[in-house]
>>> print(open('protein-v8.tsv').read())   # TSV, C-alpha atoms
chain	number	residue	atom	x	y	z
G	280	MET	CA	65.29	107.25	53.61
G	281	SER	CA	61.89	105.89	54.42
G	282	ALA	CA	61.48	103.98	57.64
G	283	VAL	CA	60.68	100.28	57.64
G	284	PRO	CA	56.91	99.85	58.05
G	285	ARG	CA	56.12	98.07	61.26
G	286	PHE	CA	52.87	96.36	62.08
G	287	ARG	CA	52.05	95.76	65.71
G	288	ALA	CA	49.66	93.07	66.82
G	289	THR	CA	46.68	94.13	68.86
G	290	ALA	CA	45.96	92.75	72.28
G	291	GLY	CA	43.81	89.67	72.32
G	292	ARG	CA	43.89	86.19	70.96
G	293	ILE	CA	46.82	85.39	68.67
G	294	HIS	CA	46.03	84.46	65.08
G	295	LEU	CA	48.07	84.11	61.92
G	296	PHE	CA	46.74	87.43	60.62
G	297	ASN	CA	47.84	89.47	63.65
G	298	LEU	CA	51.34	88.13	64.21
G	299	SER	CA	54.10	90.76	64.14
G	300	PRO	CA	57.89	90.86	64.59
G	301	ALA	CA	59.33	91.45	68.04
G	302	PRO	CA	59.96	95.11	69.00
G	303	ASN	CA	63.27	96.51	67.70
G	304	SER	CA	63.96	93.34	65.72
G	305	GLN	CA	63.72	95.12	62.34
G	306	HIS	CA	66.22	97.74	61.22
G	307	ALA	CA	66.62	99.83	58.10
G	308	GLN	CA	69.40	98.84	55.70
G	309	LYS	CA	72.67	100.77	56.09
G	310	ARG	CA	73.39	102.46	52.72
G	311	VAL	CA	76.99	103.62	52.33
G	312	GLY	CA	78.80	105.60	49.64
G	313	ARG	CA	75.87	107.88	48.80
G	314	GLY	CA	77.43	111.28	49.48
G	315	GLN	CA	78.88	113.17	52.41
G	316	GLY	CA	75.51	114.39	53.54
G	317	SER	CA	74.45	110.87	54.52
G	318	GLY	CA	77.27	110.57	57.06
G	319	ARG	CA	78.58	107.41	55.37
G	320	GLY	CA	79.86	108.76	52.06
G	321	GLY	CA	83.37	108.88	50.66
G	322	THR	CA	85.16	106.15	52.61
G	323	SER	CA	81.84	104.57	53.59
G	324	GLY	CA	82.70	104.49	57.26
G	325	ARG	CA	85.94	102.54	56.77
G	326	GLY	CA	88.37	105.42	57.32
G	327	HIS	CA	91.40	106.25	55.16
G	328	LYS	CA	93.45	103.41	53.71
G	329	GLY	CA	94.77	100.52	55.76
G	330	GLN	CA	94.10	96.80	55.76
G	331	LYS	CA	90.54	97.09	57.03
G	332	ALA	CA	89.61	99.70	54.44
G	333	ARG	CA	90.23	97.49	51.42
G	334	SER	CA	87.51	95.86	49.38
G	335	GLY	CA	86.87	92.17	49.60
G	336	ASN	CA	86.68	92.21	53.40
G	337	GLY	CA	90.42	92.76	53.80
G	338	LYS	CA	90.71	90.48	56.81
G	339	PRO	CA	93.30	87.69	56.90
G	340	LYS	CA	92.28	84.11	57.34
G	341	ALA	CA	91.94	82.64	60.81
G	342	GLY	CA	95.32	81.80	62.30
G	343	PHE	CA	97.30	84.38	60.30
G	344	GLU	CA	99.88	86.08	62.54
G	345	GLY	CA	101.22	88.82	60.31
G	346	GLY	CA	103.69	86.66	58.42
G	347	GLN	CA	105.50	84.98	61.29
G	348	THR	CA	105.25	81.22	61.70
G	349	PRO	CA	101.82	80.58	63.21
G	350	ILE	CA	101.54	78.62	66.42
G	351	THR	CA	99.73	75.80	64.64
G	352	LYS	CA	102.93	75.05	62.71
G	353	LEU	CA	105.27	75.38	65.68
G	354	PHE	CA	103.89	72.38	67.53
G	355	PRO	CA	104.58	68.88	66.17
G	356	LYS	CA	101.73	66.58	65.23
G	357	ARG	CA	101.76	63.12	66.76
G	358	GLY	CA	99.41	60.19	66.45
G	359	PHE	CA	96.18	60.21	64.51
G	360	VAL	CA	92.43	60.28	65.00
G	361	ASN	CA	90.69	57.06	64.09
G	362	ALA	CA	87.66	58.07	62.03
G	363	ASN	CA	86.08	54.64	62.58
G	364	ALA	CA	86.50	54.57	66.36
G	365	LYS	CA	83.37	54.38	68.51
G	366	VAL	CA	82.83	55.62	72.03
G	367	TYR	CA	80.50	53.36	73.98
G	368	ALA	CA	78.68	54.34	77.15
G	369	PRO	CA	79.78	51.82	79.81
G	370	ILE	CA	77.24	50.35	82.21
G	371	ASN	CA	78.11	47.91	84.98
G	372	LEU	CA	75.97	45.17	86.46
G	373	ASP	CA	75.98	46.59	89.99
G	374	ARG	CA	74.52	49.88	88.73
G	375	ILE	CA	71.77	48.05	86.84
G	376	GLN	CA	70.92	46.06	89.98
G	377	HIS	CA	70.77	49.29	92.00
G	378	TRP	CA	68.36	50.80	89.47
G	379	ILE	CA	66.21	47.64	89.58
G	380	ASP	CA	66.07	47.78	93.39
G	381	GLN	CA	64.83	51.36	93.16
G	382	GLY	CA	62.13	50.36	90.68
G	383	ARG	CA	63.60	52.48	87.91
G	384	LEU	CA	64.32	49.58	85.54
G	385	THR	CA	62.36	46.50	84.56
G	386	SER	CA	62.97	43.89	81.90
G	387	SER	CA	61.39	40.85	80.30
G	388	PRO	CA	62.27	38.61	77.34
G	389	GLU	CA	59.64	40.41	75.23
G	390	LYS	CA	60.72	43.88	76.39
G	391	PRO	CA	64.44	43.91	77.17
G	392	ILE	CA	66.46	46.83	78.48
G	393	THR	CA	67.75	49.00	75.64
G	394	ALA	CA	69.57	52.31	75.35
G	395	ARG	CA	66.23	54.10	75.60
G	396	GLU	CA	65.36	52.67	79.03
G	397	LEU	CA	68.86	53.30	80.36
G	398	LEU	CA	68.84	56.91	79.22
G	399	LEU	CA	65.30	57.75	80.35
G	400	SER	CA	65.88	56.20	83.78
G	401	GLY	CA	69.11	58.16	84.27
G	402	CYS	CA	71.26	55.04	84.44
G	403	VAL	CA	73.43	56.58	81.72
G	404	HIS	CA	73.65	60.25	80.89
G	405	ASP	CA	74.60	59.87	77.21
G	406	VAL	CA	74.37	56.88	74.90
G	407	HIS	CA	77.30	58.10	72.75
G	408	ASP	CA	77.74	55.47	69.99
G	409	GLY	CA	75.95	52.72	71.91
G	410	ILE	CA	75.80	50.91	75.24
G	411	LYS	CA	78.50	48.48	76.38
G	412	LEU	CA	77.66	46.10	79.21
G	413	LEU	CA	80.56	45.46	81.60
G	414	GLY	CA	80.95	42.83	84.30
G	415	ASP	CA	81.98	44.98	87.28
G	416	GLY	CA	79.79	44.25	90.30
G	417	ALA	CA	78.70	40.85	89.00
G	418	ASP	CA	78.56	39.53	92.59
G	419	GLN	CA	75.87	42.13	93.38
G	420	LEU	CA	73.59	41.11	90.52
G	421	LYS	CA	70.65	39.19	92.01
G	422	THR	CA	67.89	39.70	89.44
G	423	PRO	CA	67.68	37.98	86.04
G	424	ILE	CA	67.85	40.75	83.45
G	425	HIS	CA	67.19	40.81	79.73
G	426	ILE	CA	69.22	43.46	77.94
G	427	THR	CA	70.09	44.40	74.35
G	428	PRO	CA	73.27	46.52	74.31
G	429	SER	CA	75.60	47.29	71.43
G	430	ARG	CA	78.50	45.39	72.99
G	431	ALA	CA	79.00	43.21	76.08
G	432	SER	CA	82.04	41.80	77.82
G	433	LYS	CA	82.43	38.06	78.35
G	434	SER	CA	82.28	38.40	82.13
G	435	ALA	CA	79.02	40.36	81.90
G	436	ILE	CA	77.47	37.76	79.56
G	437	LYS	CA	78.48	34.96	81.89
G	438	ALA	CA	77.08	36.69	84.98
G	439	VAL	CA	73.74	37.57	83.35
G	440	GLU	CA	73.14	34.12	81.86
G	441	LYS	CA	74.09	32.44	85.13
G	442	LEU	CA	70.96	33.94	86.71
G	443	GLY	CA	68.73	33.05	83.77
G	444	GLY	CA	68.92	36.36	81.95
G	445	THR	CA	69.72	37.03	78.31
G	446	VAL	CA	72.14	39.29	76.47
G	447	PHE	CA	71.86	39.95	72.75
G	448	CYS	CA	74.21	42.52	71.20
G	449	LYS	CA	72.59	44.55	68.45
G	450	TYR	CA	74.18	46.83	65.87
G	451	TYR	CA	73.13	50.48	65.80
G	452	ASN	CA	74.33	53.13	63.40
G	453	PRO	CA	73.80	56.79	64.46
G	454	LEU	CA	70.34	56.97	62.85
G	455	ALA	CA	69.18	53.66	64.30
G	456	LEU	CA	70.47	54.60	67.74
G	457	ARG	CA	68.58	57.89	67.58
G	458	ASP	CA	65.38	56.05	66.62
G	459	CYS	CA	65.93	53.62	69.50
G	460	VAL	CA	66.33	56.43	72.02
G	461	LYS	CA	63.30	58.33	70.72
G	462	GLY	CA	61.16	55.21	70.41
G	463	ASN	CA	60.66	55.42	66.64
G	464	THR	CA	59.89	52.08	65.00
G	465	GLU	CA	58.75	53.08	61.51
G	466	HIS	CA	62.26	53.03	60.00
G	467	ILE	CA	64.22	50.00	58.81
G	468	GLN	CA	67.38	49.75	60.89
G	469	ALA	CA	70.71	49.54	59.10
G	470	ALA	CA	72.76	46.37	59.00
G	471	PRO	CA	76.49	46.23	59.83
G	472	THR	CA	78.67	46.94	56.80
G	473	ARG	CA	82.22	47.06	58.18
G	474	ARG	CA	84.05	43.75	58.35
G	475	THR	CA	84.81	44.12	62.07
G	476	ASP	CA	81.14	44.71	62.83
G	477	ILE	CA	80.06	41.80	60.65
G	478	LEU	CA	82.48	39.50	62.47
G	479	TRP	CA	81.23	40.66	65.86
G	480	TYR	CA	77.48	40.51	65.34
G	481	THR	CA	77.48	37.15	63.54
G	482	GLU	CA	79.36	35.33	66.34
G	483	TRP	CA	77.44	33.60	69.13
G	484	LYS	CA	80.34	34.00	71.59
G	485	ASN	CA	79.71	37.73	71.39
G	486	ARG	CA	75.95	37.12	71.60
G	487	GLY	CA	75.55	38.83	68.24
G	488	TYR	CA	71.95	39.15	67.14
G	489	LEU	CA	72.77	37.89	63.62
G	490	SER	CA	74.25	34.58	64.77
G	491	PRO	CA	72.15	31.46	64.10
G	492	GLU	CA	72.00	30.63	67.81
G	493	ALA	CA	70.71	34.10	68.69
G	494	LEU	CA	68.06	33.98	65.97
G	495	ALA	CA	66.82	30.69	67.40
G	496	LYS	CA	66.67	31.94	71.01
G	497	MET	CA	65.48	35.55	70.66
G	498	PRO	CA	61.74	35.92	71.37
G	499	ALA	CA	61.24	38.57	68.66
G	500	VAL	CA	63.11	38.13	65.38
G	501	GLU	CA	62.57	40.18	62.25
G	502	GLU	CA	62.35	38.30	58.96
G	503	ARG	CA	65.11	40.36	57.38
G	504	TRP	CA	67.52	39.37	60.17
G	505	VAL	CA	67.41	35.75	59.02
G	506	GLU	CA	68.30	36.71	55.47
G	507	LEU	CA	70.94	39.17	56.67
G	508	SER	CA	72.52	36.45	58.78
G	509	LYS	CA	72.82	34.17	55.75
G	510	GLN	CA	74.27	36.90	53.56
G	511	LEU	CA	76.74	38.26	56.10
G	512	ARG	CA	77.99	34.81	57.05
G	513	ALA	CA	78.61	33.90	53.43
G	514	TYR	CA	82.22	35.08	53.67
G	515	LYS	CA	83.11	31.93	55.60
G	516	LYS	CA	82.22	29.76	52.61
G	517	GLN	CA	83.86	32.15	50.15
G	518	GLY	CA	87.18	32.09	51.95
G	519	ILE	CA	87.25	35.80	52.77
G	520	GLU	CA	87.63	35.26	56.50
G	521	GLN	CA	91.35	34.50	56.26
G	522	GLN	CA	92.98	37.17	54.16
G	523	LYS	CA	96.65	36.82	53.32
>>> encode(input="protein-v8.tsv", output="structure tokens")
Amino acid sequence: MSAVPRFRATAGRIHLFNLSPAPNSQHAQKRVGRGQGSGRGGTSGRGHKGQKARSGNGKPKAGFEGGQTPITKLFPKRGFVNANAKVYAPINLDRIQHWIDQGRLTSSPEKPITARELLLSGCVHDVHDGIKLLGDGADQLKTPIHITPSRASKSAIKAVEKLGGTVFCKYYNPLALRDCVKGNTEHIQAAPTRRTDILWYTEWKNRGYLSPEALAKMPAVEERWVELSKQLRAYKKQGIEQQK
């Protein structure tokens, strides 16, 4: 059997024409069943008979225990996994104030705090499915902040607005949240499609960004948000809000 030809790059500047595979990264193909003289003839290195000598791999599927009841069937199954559940990264007001005191966070009405600033500053270690602002440590908040999380508690909204700050909750799907974290602005962000999300982000009590009050107070409003707000709030006139 002929050996695999190997080209080795010469020392010097690297170019496309002198690139070569790493040493020992290429191997000749193992050819079996070509006679006893090759060392892999006859049984092709599988031995005589048995489960592992059969064609078609011959291995049982994962979890097979020889015919006895597998352990996955011995334990009962309880509860369920909600496919629509979201895990939010919690952030409290006292932690935000501590980051502001250290000079690691700044905010303004034109440039509010988003998931990107919280992640890059180390205030949160993972954005998960979005940021949720909580009201713990509200007595320690001394600086007016402007923040745009995915969700916010009522106590947190009250504490922030008491000092002259603003809270506007914005919907992010996984792609939009990734663009927010990476700072990409060339994509059109998705609108909420589930009924629970539509109800949340069109209500001013939740400081939803699609509520008429939020659209009137936010310093930067996209044109499509105004049309989205009209379309998503149309269910109130159509009588879909109260389902029987």
>>> closest_residue(input="protein-v8.tsv", among="G:Gln381, G:Gln330, G:Ser323, G:Ser386", to="G:Lys309", atoms="only C-alpha atoms")
G:Ser323
>>> closest_atom_pairs(input="protein-v8.tsv", of="stretch 330-418 of chain G", to="stretch 459-482 of chain G", cutoff="9 Å", atoms="all atoms listed in the file", output="Markdown table")
| residue | atom | partner | partner_atom | distance |
| --- | --- | --- | --- | --- |
| G:Thr393 | CA | G:Cys459 | CA | 7.9 |
| G:Ala394 | CA | G:Val460 | CA | 6.2 |
| G:Arg395 | CA | G:Val460 | CA | 4.3 |
| G:Glu396 | CA | G:Val460 | CA | 8.0 |
| G:Leu398 | CA | G:Val460 | CA | 7.6 |
| G:Leu399 | CA | G:Val460 | CA | 8.5 |
| G:Val406 | CA | G:Val460 | CA | 8.6 |
>>> atom_distance(input="protein-v8.tsv", atom1="atom CA of G:His407", atom2="atom CA of G:Lys433")
21.4 Å
>>> closest_residue(input="protein-v8.tsv", among="G:Phe296, G:Phe359, G:Phe447, G:Trp504", to="G:Pro391", atoms="all atoms listed in the file")
G:Phe447
>>> atom_distance(input="protein-v8.tsv", atom1="atom CA of G:Arg512", atom2="atom CA of G:Trp483")
12.2 Å
>>> atom_distance(input="protein-v8.tsv", atom1="atom CA of G:Ala493", atom2="atom CA of G:Ala455")
20.1 Å
>>> closest_residue(input="protein-v8.tsv", among="G:Ala368, G:Ile379, G:Ala307, G:Ala341", to="G:Pro428", atoms="all atoms listed in the file")
G:Ala368
>>> residues_around(input="protein-v8.tsv", residues="G:Asp418", least_positions_apart="6", cutoff="12 Å", atoms="only C-alpha atoms", output="ChimeraX atom specification")
/G:371-374,376,434-435,437-439,441-442
>>> decode(input="protein-v8.tsv", residues="stretch 418-451 of chain G", atoms="N, CA, C and O atoms", output="tab-separated table (two decimals), in the first residue's frame")
chain	number	residue	atom	x	y	z
G	418	ASP	N	-33.29	50.81	49.17
G	418	ASP	CA	-32.89	51.90	50.07
G	418	ASP	C	-31.46	52.35	49.82
G	418	ASP	O	-31.06	53.44	50.24
G	419	GLN	N	-30.66	51.53	49.13
G	419	GLN	CA	-29.27	51.88	48.85
G	419	GLN	C	-29.10	52.57	47.49
G	419	GLN	O	-28.01	53.04	47.18
G	420	LEU	N	-30.16	52.62	46.72
G	420	LEU	CA	-30.09	53.28	45.41
G	420	LEU	C	-30.13	54.78	45.59
G	420	LEU	O	-31.10	55.33	46.13
G	421	LYS	N	-29.09	55.47	45.17
G	421	LYS	CA	-28.98	56.92	45.34
G	421	LYS	C	-28.87	57.67	44.01
G	421	LYS	O	-29.03	58.88	43.98
G	422	THR	N	-28.61	56.95	42.94
G	422	THR	CA	-28.37	57.58	41.64
G	422	THR	C	-29.53	57.30	40.70
G	422	THR	O	-29.98	56.16	40.60
G	423	PRO	N	-30.04	58.32	40.01
G	423	PRO	CA	-31.08	58.05	38.99
G	423	PRO	C	-30.49	57.20	37.87
G	423	PRO	O	-29.46	57.55	37.28
G	424	ILE	N	-31.13	56.10	37.57
G	424	ILE	CA	-30.63	55.21	36.52
G	424	ILE	C	-31.69	55.08	35.43
G	424	ILE	O	-32.89	55.24	35.67
G	425	HIS	N	-31.22	54.80	34.23
G	425	HIS	CA	-32.07	54.57	33.08
G	425	HIS	C	-31.70	53.18	32.55
G	425	HIS	O	-30.57	52.97	32.11
G	426	ILE	N	-32.64	52.28	32.58
G	426	ILE	CA	-32.35	50.88	32.29
G	426	ILE	C	-33.44	50.29	31.42
G	426	ILE	O	-34.62	50.68	31.52
G	427	THR	N	-33.05	49.35	30.55
G	427	THR	CA	-33.99	48.67	29.66
G	427	THR	C	-33.82	47.17	29.83
G	427	THR	O	-33.07	46.53	29.09
G	428	PRO	N	-34.48	46.57	30.83
G	428	PRO	CA	-34.39	45.12	31.02
G	428	PRO	C	-35.48	44.40	30.23
G	428	PRO	O	-36.26	45.03	29.50
G	429	SER	N	-35.53	43.08	30.39
G	429	SER	CA	-36.62	42.31	29.79
G	429	SER	C	-37.86	42.33	30.68
G	429	SER	O	-38.98	42.39	30.20
G	430	ARG	N	-37.65	42.27	31.98
G	430	ARG	CA	-38.74	42.32	32.95
G	430	ARG	C	-38.28	43.17	34.14
G	430	ARG	O	-37.08	43.35	34.37
G	431	ALA	N	-39.22	43.65	34.92
G	431	ALA	CA	-38.92	44.44	36.12
G	431	ALA	C	-40.05	44.26	37.11
G	431	ALA	O	-41.23	44.21	36.74
G	432	SER	N	-39.68	44.18	38.38
G	432	SER	CA	-40.69	44.05	39.43
G	432	SER	C	-41.28	45.43	39.73
G	432	SER	O	-40.68	46.47	39.43
G	433	LYS	N	-42.46	45.42	40.37
G	433	LYS	CA	-43.12	46.69	40.67
G	433	LYS	C	-42.34	47.51	41.68
G	433	LYS	O	-42.28	48.74	41.59
G	434	SER	N	-41.71	46.84	42.65
G	434	SER	CA	-40.93	47.56	43.65
G	434	SER	C	-39.71	48.21	43.01
G	434	SER	O	-39.31	49.32	43.38
G	435	ALA	N	-39.09	47.52	42.05
G	435	ALA	CA	-37.92	48.09	41.37
G	435	ALA	C	-38.33	49.30	40.53
G	435	ALA	O	-37.64	50.33	40.51
G	436	ILE	N	-39.46	49.20	39.83
G	436	ILE	CA	-39.94	50.33	39.02
G	436	ILE	C	-40.23	51.54	39.90
G	436	ILE	O	-39.84	52.68	39.58
G	437	LYS	N	-40.86	51.30	41.02
G	437	LYS	CA	-41.20	52.39	41.93
G	437	LYS	C	-39.96	53.07	42.48
G	437	LYS	O	-39.88	54.30	42.57
G	438	ALA	N	-38.95	52.27	42.86
G	438	ALA	CA	-37.73	52.83	43.44
G	438	ALA	C	-36.93	53.63	42.41
G	438	ALA	O	-36.37	54.69	42.73
G	439	VAL	N	-36.86	53.14	41.18
G	439	VAL	CA	-36.09	53.84	40.15
G	439	VAL	C	-36.77	55.14	39.76
G	439	VAL	O	-36.11	56.19	39.64
G	440	GLU	N	-38.07	55.12	39.56
G	440	GLU	CA	-38.78	56.33	39.13
G	440	GLU	C	-38.89	57.35	40.25
G	440	GLU	O	-39.07	58.55	39.98
G	441	LYS	N	-38.76	56.92	41.50
G	441	LYS	CA	-38.80	57.85	42.61
G	441	LYS	C	-37.61	58.80	42.57
G	441	LYS	O	-37.70	59.97	43.00
G	442	LEU	N	-36.48	58.32	42.06
G	442	LEU	CA	-35.26	59.14	41.97
G	442	LEU	C	-35.13	59.85	40.63
G	442	LEU	O	-34.10	60.48	40.37
G	443	GLY	N	-36.12	59.72	39.78
G	443	GLY	CA	-36.07	60.39	38.48
G	443	GLY	C	-35.52	59.53	37.36
G	443	GLY	O	-35.26	60.05	36.27
G	444	GLY	N	-35.35	58.24	37.59
G	444	GLY	CA	-34.88	57.35	36.55
G	444	GLY	C	-36.03	56.80	35.72
G	444	GLY	O	-37.20	57.13	35.94
G	445	THR	N	-35.69	55.96	34.76
G	445	THR	CA	-36.70	55.37	33.89
G	445	THR	C	-36.44	53.88	33.73
G	445	THR	O	-35.28	53.43	33.74
G	446	VAL	N	-37.53	53.14	33.58
G	446	VAL	CA	-37.47	51.70	33.33
G	446	VAL	C	-38.43	51.40	32.18
G	446	VAL	O	-39.62	51.73	32.26
G	447	PHE	N	-37.91	50.81	31.13
G	447	PHE	CA	-38.73	50.39	30.00
G	447	PHE	C	-38.38	48.93	29.70
G	447	PHE	O	-37.23	48.63	29.35
G	448	CYS	N	-39.35	48.05	29.84
G	448	CYS	CA	-39.12	46.62	29.60
G	448	CYS	C	-39.27	46.34	28.11
G	448	CYS	O	-40.27	46.70	27.49
G	449	LYS	N	-38.28	45.66	27.56
G	449	LYS	CA	-38.23	45.40	26.13
G	449	LYS	C	-38.16	43.90	25.87
G	449	LYS	O	-37.45	43.18	26.58
G	450	TYR	N	-38.87	43.45	24.85
G	450	TYR	CA	-38.90	42.03	24.51
G	450	TYR	C	-37.68	41.66	23.68
G	450	TYR	O	-37.31	42.38	22.74
G	451	TYR	N	-37.06	40.53	24.05
G	451	TYR	CA	-35.93	40.00	23.30
G	451	TYR	C	-36.16	38.51	23.08
G	451	TYR	O	-36.37	37.76	24.04
